[in-house]
file start.cif (mmCIF, C-alpha atoms)
data_model
loop_
_atom_site.label_atom_id
_atom_site.label_comp_id
_atom_site.auth_asym_id
_atom_site.auth_seq_id
_atom_site.Cartn_x
_atom_site.Cartn_y
_atom_site.Cartn_z
CA MET A 1 -130.82 111.23 -125.14
CA SER A 2 -132.99 110.02 -122.29
CA PHE A 3 -134.19 106.89 -120.49
CA LYS A 4 -137.14 105.99 -118.30
CA LEU A 5 -136.57 105.37 -114.57
CA ILE A 6 -139.03 103.39 -112.44
CA TYR A 7 -138.30 103.43 -108.71
CA LYS A 8 -140.96 102.91 -106.03
CA LYS A 9 -143.88 105.09 -107.14
CA GLN A 10 -141.61 107.29 -109.27
CA ASN A 11 -141.80 106.97 -113.04
CA GLU A 12 -139.74 109.62 -114.80
CA GLU A 13 -137.78 110.44 -117.95
CA ARG A 14 -134.12 111.21 -117.17
CA GLU A 15 -131.38 112.63 -119.34
CA LEU A 16 -128.45 110.34 -120.16
CA PRO A 17 -125.42 112.37 -119.00
CA ASN A 18 -122.90 110.49 -121.19
CA GLU A 19 -122.43 107.46 -123.42
CA ASN A 20 -120.97 105.22 -120.75
CA TYR A 21 -123.49 105.95 -118.03
CA THR A 22 -124.01 102.75 -116.03
CA ILE A 23 -126.64 101.67 -113.54
CA ARG A 24 -123.95 102.00 -110.86
CA ASP A 25 -123.53 105.70 -111.89
CA LEU A 26 -127.31 106.14 -111.66
CA LEU A 27 -127.39 104.58 -108.17
CA ASN A 28 -124.58 106.93 -107.11
CA ASP A 29 -126.48 109.94 -108.47
CA LEU A 30 -129.61 108.85 -106.59
CA GLU A 31 -127.49 108.16 -103.46
CA LEU A 32 -128.76 104.57 -103.32
CA SER A 33 -126.60 101.68 -102.13
CA PRO A 34 -126.13 98.91 -104.72
CA GLN A 35 -126.30 96.53 -101.72
CA THR A 36 -130.00 97.28 -101.22
CA ILE A 37 -131.18 97.42 -104.83
CA VAL A 38 -131.59 95.03 -107.75
CA SER A 39 -131.86 96.50 -111.23
CA LYS A 40 -133.84 95.61 -114.33
CA GLN A 41 -133.13 96.89 -117.84
CA ASN A 42 -136.20 96.62 -120.09
CA GLY A 43 -137.71 94.04 -117.72
CA GLU A 44 -134.62 91.82 -117.38
CA LEU A 45 -132.37 91.57 -114.34
CA VAL A 46 -128.90 93.03 -114.97
CA ILE A 47 -125.75 93.83 -113.00
CA GLU A 48 -124.82 97.39 -112.00
CA ASP A 49 -121.99 97.61 -114.56
CA THR A 50 -124.60 97.61 -117.36
CA VAL A 51 -124.44 100.72 -119.58
CA ILE A 52 -127.82 102.45 -119.94
CA GLN A 53 -128.90 102.95 -123.57
CA GLU A 54 -131.18 105.59 -125.03
CA ASP A 55 -134.91 104.83 -124.44
CA ASP A 56 -134.11 102.06 -121.92
CA GLU A 57 -136.58 101.40 -119.14
CA ILE A 58 -134.57 101.03 -115.94
CA GLN A 59 -136.40 99.66 -112.92
CA LEU A 60 -134.80 99.73 -109.47
CA VAL A 61 -136.26 97.35 -106.87
CA GLN A 62 -135.37 97.94 -103.24
CA ILE A 63 -134.84 94.53 -101.65
CA ILE A 64 -133.35 95.49 -98.29
CA TYR A 65 -134.97 97.82 -95.80
CA GLY A 66 -133.55 98.87 -92.49
CA GLY A 67 -135.00 97.42 -89.29
CA MET B 1 -119.18 89.02 -120.11
CA GLN B 2 -120.77 85.62 -119.60
CA CYS B 3 -122.01 83.25 -116.89
CA SER B 4 -119.03 81.50 -115.26
CA LYS B 5 -121.01 78.23 -115.18
CA CYS B 6 -122.87 77.92 -118.49
CA GLY B 7 -121.56 80.73 -120.72
CA ASN B 8 -124.95 82.52 -121.00
CA PRO B 9 -124.23 86.20 -121.82
CA LYS B 10 -127.23 87.41 -119.73
CA VAL B 11 -125.42 87.85 -116.42
CA ILE B 12 -127.57 88.98 -113.47
CA TYR B 13 -125.11 88.71 -110.58
CA LYS B 14 -121.46 89.12 -109.77
CA ARG B 15 -120.27 87.48 -106.54
CA GLU B 16 -117.81 90.02 -105.14
CA GLN B 17 -116.15 87.45 -102.88
CA SER B 18 -115.18 85.15 -105.77
CA GLY B 19 -115.61 87.22 -108.94
CA GLN B 20 -118.07 84.57 -110.19
CA LEU B 21 -120.62 85.80 -112.78
CA LEU B 22 -124.02 84.10 -112.91
CA CYS B 23 -127.01 84.08 -115.25
CA LYS B 24 -130.53 83.85 -113.81
CA ASP B 25 -130.88 80.07 -113.93
CA CYS B 26 -127.39 79.38 -112.54
CA PHE B 27 -127.91 81.99 -109.80
CA ILE B 28 -131.22 80.43 -108.68
CA ASP B 29 -129.65 76.97 -108.83
CA SER B 30 -126.62 78.10 -106.77
CA ILE B 31 -128.82 79.47 -103.96
CA GLU B 32 -131.00 76.37 -103.79
CA LYS B 33 -127.99 74.03 -103.83
CA LYS B 34 -126.25 76.04 -101.11
CA VAL B 35 -129.28 75.90 -98.81
CA ILE B 36 -129.62 72.15 -99.42
CA ARG B 37 -125.89 71.79 -98.59
CA THR B 38 -126.40 73.67 -95.30
CA VAL B 39 -129.38 71.44 -94.46
CA ARG B 40 -127.27 68.31 -95.07
CA LYS B 41 -124.03 69.57 -93.45
CA GLU B 42 -125.74 70.79 -90.29
CA LYS B 43 -128.22 67.86 -90.24
CA LEU B 44 -131.12 70.31 -89.99
CA LEU B 45 -133.78 67.86 -91.14
CA ASP B 46 -134.65 64.28 -90.27
CA LYS B 47 -136.89 62.12 -92.42
CA GLY B 48 -140.46 62.42 -91.17
CA ASP B 49 -139.99 65.88 -89.63
CA LYS B 50 -142.93 68.25 -89.64
CA VAL B 51 -141.33 71.65 -90.12
CA LEU B 52 -143.16 74.79 -89.09
CA VAL B 53 -142.00 77.76 -91.18
CA ALA B 54 -142.30 81.13 -89.43
CA LEU B 55 -143.79 82.87 -92.47
CA SER B 56 -144.04 86.67 -92.39
CA GLY B 57 -144.43 87.06 -96.15
CA GLY B 58 -141.04 88.81 -96.40
CA LYS B 59 -138.20 87.68 -98.66
CA ASP B 60 -136.36 85.53 -96.10
CA SER B 61 -139.32 83.48 -94.89
CA VAL B 62 -140.77 83.04 -98.39
CA THR B 63 -137.36 81.78 -99.61
CA THR B 64 -137.13 79.40 -96.63
CA LEU B 65 -140.57 78.01 -97.46
CA GLU B 66 -139.83 77.75 -101.18
CA ILE B 67 -136.58 75.81 -100.75
CA LEU B 68 -137.74 73.58 -97.87
CA ASN B 69 -140.73 72.70 -100.03
CA SER B 70 -138.34 70.78 -102.33
CA PHE B 71 -137.75 68.36 -99.39
CA ARG B 72 -141.53 68.10 -98.96
CA GLU B 73 -141.94 67.30 -102.66
CA MET B 74 -139.45 64.45 -102.18
CA ASN B 75 -141.61 63.19 -99.26
CA ILE B 76 -138.76 63.69 -96.80
CA ILE B 77 -140.61 66.16 -94.58
CA ASP B 78 -144.02 67.72 -94.08
CA ILE B 79 -144.41 71.51 -93.80
CA CYS B 80 -146.81 73.83 -92.03
CA ALA B 81 -146.57 77.58 -91.50
CA VAL B 82 -147.56 80.22 -89.01
CA THR B 83 -147.82 83.96 -89.55
CA VAL B 84 -147.86 86.34 -86.60
CA ASP B 85 -150.02 89.43 -86.97
CA GLU B 86 -148.50 91.89 -84.50
CA GLY B 87 -151.18 94.49 -85.18
CA ILE B 88 -149.18 97.15 -87.05
CA ALA B 89 -151.54 99.30 -89.11
CA ASN B 90 -150.70 99.89 -92.79
CA TYR B 91 -147.87 97.35 -92.67
CA ARG B 92 -148.59 93.83 -91.53
CA GLN B 93 -151.76 93.05 -93.50
CA GLU B 94 -149.96 92.86 -96.85
CA GLY B 95 -147.46 90.33 -95.47
CA VAL B 96 -150.29 88.25 -93.97
CA ASP B 97 -152.13 88.18 -97.31
CA ILE B 98 -148.96 87.20 -99.19
CA ALA B 99 -148.23 84.44 -96.63
CA ARG B 100 -151.79 83.11 -97.10
CA ARG B 101 -151.37 83.02 -100.88
CA HIS B 102 -148.05 81.10 -100.66
CA ALA B 103 -149.55 78.55 -98.25
CA LYS B 104 -152.51 78.09 -100.60
CA ARG B 105 -150.27 77.82 -103.68
CA LEU B 106 -148.21 75.07 -102.05
CA GLY B 107 -151.18 73.43 -100.30
CA ILE B 108 -149.73 73.60 -96.80
CA GLU B 109 -151.42 73.92 -93.42
CA HIS B 110 -151.24 77.59 -92.36
CA LYS B 111 -152.31 79.52 -89.32
CA VAL B 112 -152.39 83.27 -88.69
CA VAL B 113 -152.11 84.18 -85.01
CA SER B 114 -152.66 87.73 -83.89
CA LEU B 115 -151.31 89.44 -80.80
CA LYS B 116 -154.78 90.90 -80.31
CA GLU B 117 -156.45 87.48 -80.16
CA ASP B 118 -153.74 85.87 -78.04
CA TYR B 119 -152.90 88.70 -75.66
CA GLY B 120 -155.73 91.19 -76.14
CA ILE B 121 -153.45 93.99 -77.30
CA THR B 122 -151.80 95.01 -80.59
CA LEU B 123 -148.25 96.32 -80.99
CA ASP B 124 -149.73 99.67 -82.06
CA GLU B 125 -151.70 99.80 -78.79
CA ILE B 126 -148.64 98.81 -76.74
CA MET B 127 -146.68 101.65 -78.33
CA GLN B 128 -149.40 104.10 -77.21
CA THR B 129 -148.97 103.16 -73.54
CA PRO B 130 -146.80 105.37 -71.30
CA ASN B 131 -143.26 104.21 -70.40
CA HIS B 132 -143.26 101.44 -72.99
CA ARG B 133 -140.10 99.56 -73.96
CA GLY B 134 -138.68 99.40 -77.47
CA SER B 135 -141.10 97.95 -80.04
CA CYS B 136 -138.66 95.24 -81.17
CA THR B 137 -138.34 93.96 -77.58
CA TYR B 138 -142.09 93.24 -77.36
CA CYS B 139 -142.33 92.00 -80.92
CA GLY B 140 -139.43 89.55 -80.54
CA VAL B 141 -140.67 88.07 -77.26
CA PHE B 142 -144.37 87.78 -78.22
CA ARG B 143 -143.55 86.40 -81.65
CA ARG B 144 -141.21 83.75 -80.21
CA THR B 145 -143.83 82.64 -77.67
CA ILE B 146 -146.61 82.50 -80.29
CA ILE B 147 -144.46 80.51 -82.74
CA ASN B 148 -143.42 78.05 -80.03
CA LYS B 149 -147.02 77.49 -79.00
CA ALA B 150 -148.13 77.08 -82.62
CA ALA B 151 -145.37 74.49 -83.17
CA ARG B 152 -146.70 72.38 -80.30
CA GLU B 153 -150.34 72.76 -81.39
CA MET B 154 -149.56 71.85 -85.00
CA GLY B 155 -147.35 68.91 -83.98
CA ALA B 156 -144.20 70.37 -85.54
CA THR B 157 -140.84 68.78 -84.78
CA LYS B 158 -138.76 71.73 -86.07
CA ILE B 159 -139.25 75.48 -86.46
CA ALA B 160 -137.53 77.01 -89.52
CA THR B 161 -136.78 80.74 -89.51
CA GLY B 162 -135.48 82.92 -92.33
CA HIS B 163 -132.30 84.15 -90.60
CA ASN B 164 -129.72 84.92 -93.29
CA LEU B 165 -125.93 85.37 -93.26
CA ASP B 166 -126.21 89.09 -92.45
CA ASP B 167 -128.58 88.44 -89.51
CA GLU B 168 -126.31 85.76 -88.09
CA VAL B 169 -123.09 87.80 -88.41
CA GLN B 170 -124.82 90.82 -86.83
CA ALA B 171 -125.92 88.64 -83.90
CA ILE B 172 -122.40 87.23 -83.44
CA MET B 173 -120.84 90.71 -83.44
CA MET B 174 -123.56 92.32 -81.28
CA ASN B 175 -123.28 89.66 -78.59
CA TYR B 176 -119.49 89.79 -78.70
CA LEU B 177 -119.36 93.59 -78.50
CA GLU B 178 -121.84 93.56 -75.61
CA GLY B 179 -119.88 90.82 -73.84
CA ASN B 180 -122.98 88.64 -73.81
CA THR B 181 -121.23 85.26 -73.86
CA ASP B 182 -124.39 83.49 -72.74
CA ASN B 183 -126.38 84.55 -75.81
CA LEU B 184 -123.30 84.17 -78.01
CA GLY B 185 -123.26 80.44 -77.29
CA LYS B 186 -126.90 80.07 -78.36
CA LEU B 187 -126.43 81.07 -82.02
CA GLY B 188 -125.90 78.62 -84.86
CA ALA B 189 -127.69 76.66 -87.57
CA LYS B 190 -129.66 74.54 -85.11
CA THR B 191 -130.65 75.46 -81.59
CA GLU B 192 -132.04 72.97 -79.15
CA SER B 193 -133.30 73.62 -75.66
CA LYS B 194 -133.22 71.24 -72.75
CA ALA B 195 -136.90 72.03 -72.14
CA GLU B 196 -138.94 69.62 -74.26
CA GLU B 197 -141.65 72.23 -74.80
CA PHE B 198 -139.27 74.29 -76.93
CA THR B 199 -139.18 72.92 -80.45
CA VAL B 200 -135.77 72.71 -82.19
CA LYS B 201 -135.10 75.80 -84.33
CA ILE B 202 -133.28 75.66 -87.65
CA LYS B 203 -131.88 78.38 -89.94
CA PRO B 204 -131.52 76.97 -93.48
CA LEU B 205 -130.55 80.38 -95.01
CA ARG B 206 -127.77 81.01 -92.53
CA GLU B 207 -125.05 80.99 -95.22
CA ILE B 208 -126.90 83.11 -97.80
CA PRO B 209 -126.20 86.87 -97.84
CA GLU B 210 -129.32 89.02 -97.49
CA ARG B 211 -128.78 90.64 -100.87
CA GLU B 212 -128.71 87.25 -102.62
CA ILE B 213 -132.05 86.32 -101.01
CA GLY B 214 -133.52 89.59 -102.32
CA LEU B 215 -132.23 88.83 -105.80
CA TYR B 216 -133.47 85.21 -105.56
CA VAL B 217 -137.10 86.22 -104.93
CA VAL B 218 -137.01 88.80 -107.74
CA ALA B 219 -135.37 86.31 -110.15
CA LYS B 220 -137.90 83.60 -109.23
CA GLU B 221 -140.76 86.13 -109.37
CA LEU B 222 -141.94 85.10 -105.91
CA GLU B 223 -144.48 87.45 -104.38
CA VAL B 224 -143.01 88.99 -101.21
CA HIS B 225 -143.70 91.94 -98.93
CA PHE B 226 -140.83 94.41 -99.51
CA ASP B 227 -141.41 97.16 -97.00
CA SER B 228 -139.95 98.73 -93.92
CA CYS B 229 -141.61 98.21 -90.54
CA PRO B 230 -142.84 101.61 -89.31
CA TYR B 231 -141.20 100.88 -85.95
CA ALA B 232 -137.78 100.23 -87.50
CA MET B 233 -135.45 102.66 -85.83
CA GLN B 234 -131.77 103.33 -85.36
CA SER B 235 -131.00 100.29 -83.24
CA PHE B 236 -127.66 98.83 -82.13
CA ARG B 237 -128.25 96.08 -84.71
CA GLY B 238 -128.54 98.78 -87.38
CA GLU B 239 -125.24 100.34 -86.35
CA VAL B 240 -123.44 96.98 -86.30
CA SER B 241 -124.94 96.08 -89.67
CA GLU B 242 -123.70 99.33 -91.19
CA LEU B 243 -120.17 98.74 -89.88
CA ILE B 244 -120.05 95.16 -91.21
CA ASN B 245 -121.35 96.26 -94.62
CA GLN B 246 -118.73 99.02 -94.79
CA LEU B 247 -115.98 96.50 -94.03
CA ALA B 248 -117.45 94.05 -96.58
CA GLU B 249 -116.98 96.57 -99.39
CA LYS B 250 -113.19 96.26 -99.11
CA HIS B 251 -113.16 92.75 -97.66
CA PRO B 252 -115.90 90.82 -99.48
CA THR B 253 -115.36 87.55 -97.59
CA ILE B 254 -115.62 89.07 -94.12
CA LYS B 255 -119.18 87.87 -93.35
CA TYR B 256 -118.27 84.29 -94.20
CA SER B 257 -115.02 84.40 -92.19
CA THR B 258 -116.88 85.80 -89.15
CA LEU B 259 -119.41 82.97 -89.41
CA ARG B 260 -116.74 80.29 -89.91
CA GLY B 261 -114.69 81.60 -86.99
CA TYR B 262 -117.77 81.56 -84.78
CA ASP B 263 -118.64 78.01 -85.79
CA LYS B 264 -115.12 76.88 -84.79
CA ILE B 265 -115.38 78.29 -81.27
CA LYS B 266 -119.08 77.67 -80.70
CA ASN B 267 -118.76 74.35 -78.88
CA VAL B 268 -116.09 75.70 -76.54
CA LEU B 269 -118.32 78.68 -75.76
CA LYS B 270 -121.32 76.47 -75.15
CA ASN B 271 -119.46 74.09 -72.87
CA GLU B 272 -117.51 76.71 -70.93
CA MET B 273 -119.77 79.72 -70.74
CA GLN B 274 -123.41 78.73 -70.83
CA LYS B 275 -125.39 79.09 -67.65
CA GLU B 276 -127.71 76.41 -66.32
CA TYR B 277 -131.28 77.61 -66.12
CA ALA B 278 -133.99 76.39 -63.82
CA HIS B 279 -136.77 74.74 -65.81
CA GLY B 280 -140.03 75.81 -64.29
CA ARG B 281 -143.39 76.97 -65.55
CA CYS B 282 -144.78 80.46 -65.86
CA ARG B 283 -147.43 80.89 -63.13
CA ARG B 284 -149.61 82.93 -65.48
CA CYS B 285 -149.61 81.01 -68.78
CA GLY B 286 -147.95 77.69 -67.97
CA GLU B 287 -145.29 78.07 -70.69
CA PRO B 288 -141.76 76.91 -69.77
CA SER B 289 -139.88 79.64 -67.95
CA ALA B 290 -136.71 80.09 -65.91
CA ASN B 291 -138.52 82.60 -63.69
CA GLU B 292 -141.89 82.82 -61.98
CA LEU B 293 -143.23 84.68 -65.00
CA CYS B 294 -142.15 84.08 -68.58
CA LYS B 295 -140.87 87.11 -70.50
CA ALA B 296 -144.15 87.55 -72.43
CA CYS B 297 -146.26 87.49 -69.25
CA SER B 298 -143.91 89.84 -67.39
CA PHE B 299 -144.41 92.34 -70.24
CA LEU B 300 -148.20 91.82 -70.11
CA GLU B 301 -148.24 92.50 -66.37
CA GLU B 302 -146.13 95.62 -66.88
CA LEU B 303 -148.67 96.76 -69.49
CA GLY B 304 -151.58 95.98 -67.17
CA VAL B 305 -153.14 93.53 -69.66
#

call {"tool": "encode", "arguments": {"input": "start.cif", "output": "structure tokens"}}
result
Amino acid sequence: MSFKLIYKKQNEERELPNENYTIRDLLNDLELSPQTIVSKQNGELVIEDTVIQEDDEIQLVQIIYGG
Amino acid sequence: MQCSKCGNPKVIYKREQSGQLLCKDCFIDSIEKKVIRTVRKEKLLDKGDKVLVALSGGKDSVTTLEILNSFREMNIIDICAVTVDEGIANYRQEGVDIARRHAKRLGIEHKVVSLKEDYGITLDEIMQTPNHRGSCTYCGVFRRTIINKAAREMGATKIATGHNLDDEVQAIMMNYLEGNTDNLGKLGAKTESKAEEFTVKIKPLREIPEREIGLYVVAKELEVHFDSCPYAMQSFRGEVSELINQLAEKHPTIKYSTLRGYDKIKNVLKNEMQKEYAHGRCRRCGEPSANELCKACSFLEELGV
């Protein structure tokens, strides 16, 4: 069970740790603040409570930078 | 889960402060309507205005341009834009190119002014000099002077900047914490100076949280320059911003209440606390200045330029 993660120049396959793994859980694991990121699931904007499905393409776009 | 306004199941945003869920179209519509409400409530625009948008190519200025353009399409105002090229290698060029493309797309008059052409030195070069000040100090002062001059040259009656809710709340708290009551009284949706040479400044995005502007440009697929300035450092603004964001996690309405509270006391502050400045001219460049040299020229003299 895996999904594809696209973040900045990163493009990687990641394991799905459990069935109810949400984008919020992913952001926590990557130590990214949901306040600075918007998320896309298979090309469509979604909220962080969205559960990631097998073979999903999850894209994280950083919209807020310090300074 | 469905959009609180239209019932669409494709929700893209949850407003923490109200629990409202929004689909893409309703989210975009809510941002545009809110900015238009701010413009009307604060009387930011007058019919026939020529508004100069300070366009960096970042999310805030591109959103300002995009939404103000709806007033231009209704023939209420005219718009022009200026982009300041500070001379920051591997950073600024992309924003300049994006700004050019937006101006071309909308068919508006656009000017790129560089620090190098105007002052003979880039920000990168300034930061190589010994005993230099903080980069943001130079950048802020030079940019403000360049934008003011451009507004006069292009015949603009207003200058619109992309300051958002987060920027404004940070400024309120920073000035309060520093005890700077003089600068505290100068914030707000519309700032006018007694000196005629300073064009009125307006902040149409003042009530929109930074995150919602980021989501707006992604949802509308507007091309913007998402990147961090290489000179961004741990500033006092950064510390204040972090504190406010921490508080906002438990108290989602705190940015709005800070802004509303400020707006209630602003007039008292302005009337009671603001100093009277002498209105003279800078002996070096002729720009309006309270002192013999304006801030930009005093920096240039310090730098030996």

call {"tool": "closest_residue", "arguments": {"input": "start.cif", "among": "A:Ile52, A:Val61, A:Ile47, A:Leu5", "to": "chain B", "atoms": "all atoms listed in the file"}}
result
A:Ile47

call {"tool": "interface_residues", "arguments": {"input": "start.cif", "of": "chain A", "to": "chain B", "cutoff": "6 Å", "atoms": "all atoms listed in the file", "output": "PyMOL selection string"}}
result
chain A and resi 45-47+63+65+67

call {"tool": "resolve_selection", "arguments": {"input": "start.cif", "expression": "the PyMOL selection byres ((chain B and resi 127-133) around 10)", "output": "VMD selection string"}}
result
chain B and resid 122 to 126 134 to 138 231 299 302 to 304

call {"tool": "atom_distance", "arguments": {"input": "start.cif", "atom1": "CA of Ile254 in chain B", "atom2": "CA of Gln17 in chain B"}}
result
8.9 Å

call {"tool": "closest_residue", "arguments": {"input": "start.cif", "among": "B:Ile98, B:Met174, B:Ala89, B:Leu205", "to": "Leu68 in chain B", "atoms": "all atoms listed in the file"}}
result
B:Leu205

call {"tool": "atom_distance", "arguments": {"input": "start.cif", "atom1": "CA of Thr83 in chain B", "atom2": "CA of Gly280 in chain B"}}
result
27.7 Å

call {"tool": "resolve_selection", "arguments": {"input": "start.cif", "expression": "the PyMOL selection byres ((chain B and resi 39) around 12)", "output": "list of chain:residue names"}}
result
B:Glu32, B:Lys33, B:Lys34, B:Val35, B:Ile36, B:Arg37, B:Thr38, B:Arg40, B:Lys41, B:Glu42, B:Lys43, B:Leu44, B:Leu45, B:Asp46, B:Thr64, B:Ile67, B:Leu68, B:Ser70, B:Phe71, B:Ala160, B:Ala189, B:Lys190, B:Ile202, B:Lys203, B:Pro204, B:Leu205, B:Arg206, B:Glu207

call {"tool": "residues_around", "arguments": {"input": "start.cif", "residues": "Pro34 in chain A", "least_positions_apart": "4", "cutoff": "8 Å", "atoms": "only C-alpha atoms", "output": "ChimeraX atom specification"}}
result
/A:24,27,38,48

call {"tool": "build_atoms", "arguments": {"input": "start.cif", "residues": "range 25-41 of chain A", "atoms": "N, CA and C atoms", "output": "mmCIF file, in the frame of the given file"}}
result
data_model
loop_
_atom_site.group_PDB
_atom_site.id
_atom_site.type_symbol
_atom_site.label_atom_id
_atom_site.label_comp_id
_atom_site.auth_asym_id
_atom_site.auth_seq_id
_atom_site.Cartn_x
_atom_site.Cartn_y
_atom_site.Cartn_z
ATOM 1 N N ASP A 25 -123.588 104.216 -111.893
ATOM 2 C CA ASP A 25 -123.530 105.700 -111.890
ATOM 3 C C ASP A 25 -124.881 106.273 -111.467
ATOM 4 N N LEU A 26 -125.956 105.661 -111.995
ATOM 5 C CA LEU A 26 -127.310 106.140 -111.660
ATOM 6 C C LEU A 26 -127.578 105.986 -110.162
ATOM 7 N N LEU A 27 -127.189 104.818 -109.602
ATOM 8 C CA LEU A 27 -127.390 104.580 -108.170
ATOM 9 C C LEU A 27 -126.612 105.606 -107.350
ATOM 10 N N ASN A 28 -125.386 105.901 -107.794
ATOM 11 C CA ASN A 28 -124.580 106.930 -107.110
ATOM 12 C C ASN A 28 -125.277 108.273 -107.139
ATOM 13 N N ASP A 29 -125.801 108.646 -108.326
ATOM 14 C CA ASP A 29 -126.480 109.940 -108.470
ATOM 15 C C ASP A 29 -127.724 110.023 -107.585
ATOM 16 N N LEU A 30 -128.391 108.868 -107.424
ATOM 17 C CA LEU A 30 -129.610 108.850 -106.590
ATOM 18 C C LEU A 30 -129.287 108.606 -105.109
ATOM 19 N N GLU A 31 -127.967 108.455 -104.829
ATOM 20 C CA GLU A 31 -127.490 108.160 -103.460
ATOM 21 C C GLU A 31 -128.145 106.895 -102.900
ATOM 22 N N LEU A 32 -128.211 105.865 -103.744
ATOM 23 C CA LEU A 32 -128.760 104.570 -103.320
ATOM 24 C C LEU A 32 -127.618 103.563 -103.264
ATOM 25 N N SER A 33 -127.648 102.684 -102.251
ATOM 26 C CA SER A 33 -126.600 101.680 -102.130
ATOM 27 C C SER A 33 -126.894 100.496 -103.041
ATOM 28 N N PRO A 34 -125.912 100.082 -103.870
ATOM 29 C CA PRO A 34 -126.130 98.910 -104.720
ATOM 30 C C PRO A 34 -126.432 97.657 -103.881
ATOM 31 N N GLN A 35 -126.052 97.674 -102.607
ATOM 32 C CA GLN A 35 -126.300 96.530 -101.720
ATOM 33 C C GLN A 35 -127.788 96.314 -101.438
ATOM 34 N N THR A 36 -128.588 97.384 -101.599
ATOM 35 C CA THR A 36 -130.000 97.280 -101.220
ATOM 36 C C THR A 36 -130.951 97.234 -102.422
ATOM 37 N N ILE A 37 -130.368 97.270 -103.614
ATOM 38 C CA ILE A 37 -131.180 97.420 -104.830
ATOM 39 C C ILE A 37 -130.865 96.314 -105.836
ATOM 40 N N VAL A 38 -131.874 95.807 -106.538
ATOM 41 C CA VAL A 38 -131.590 95.030 -107.750
ATOM 42 C C VAL A 38 -132.168 95.810 -108.937
ATOM 43 N N SER A 39 -131.515 95.657 -110.087
ATOM 44 C CA SER A 39 -131.860 96.500 -111.230
ATOM 45 C C SER A 39 -132.360 95.673 -112.404
ATOM 46 N N LYS A 40 -133.338 96.242 -113.109
ATOM 47 C CA LYS A 40 -133.840 95.610 -114.330
ATOM 48 C C LYS A 40 -133.682 96.591 -115.484
ATOM 49 N N GLN A 41 -133.218 96.075 -116.623
ATOM 50 C CA GLN A 41 -133.130 96.890 -117.840
ATOM 51 C C GLN A 41 -134.142 96.297 -118.820
#
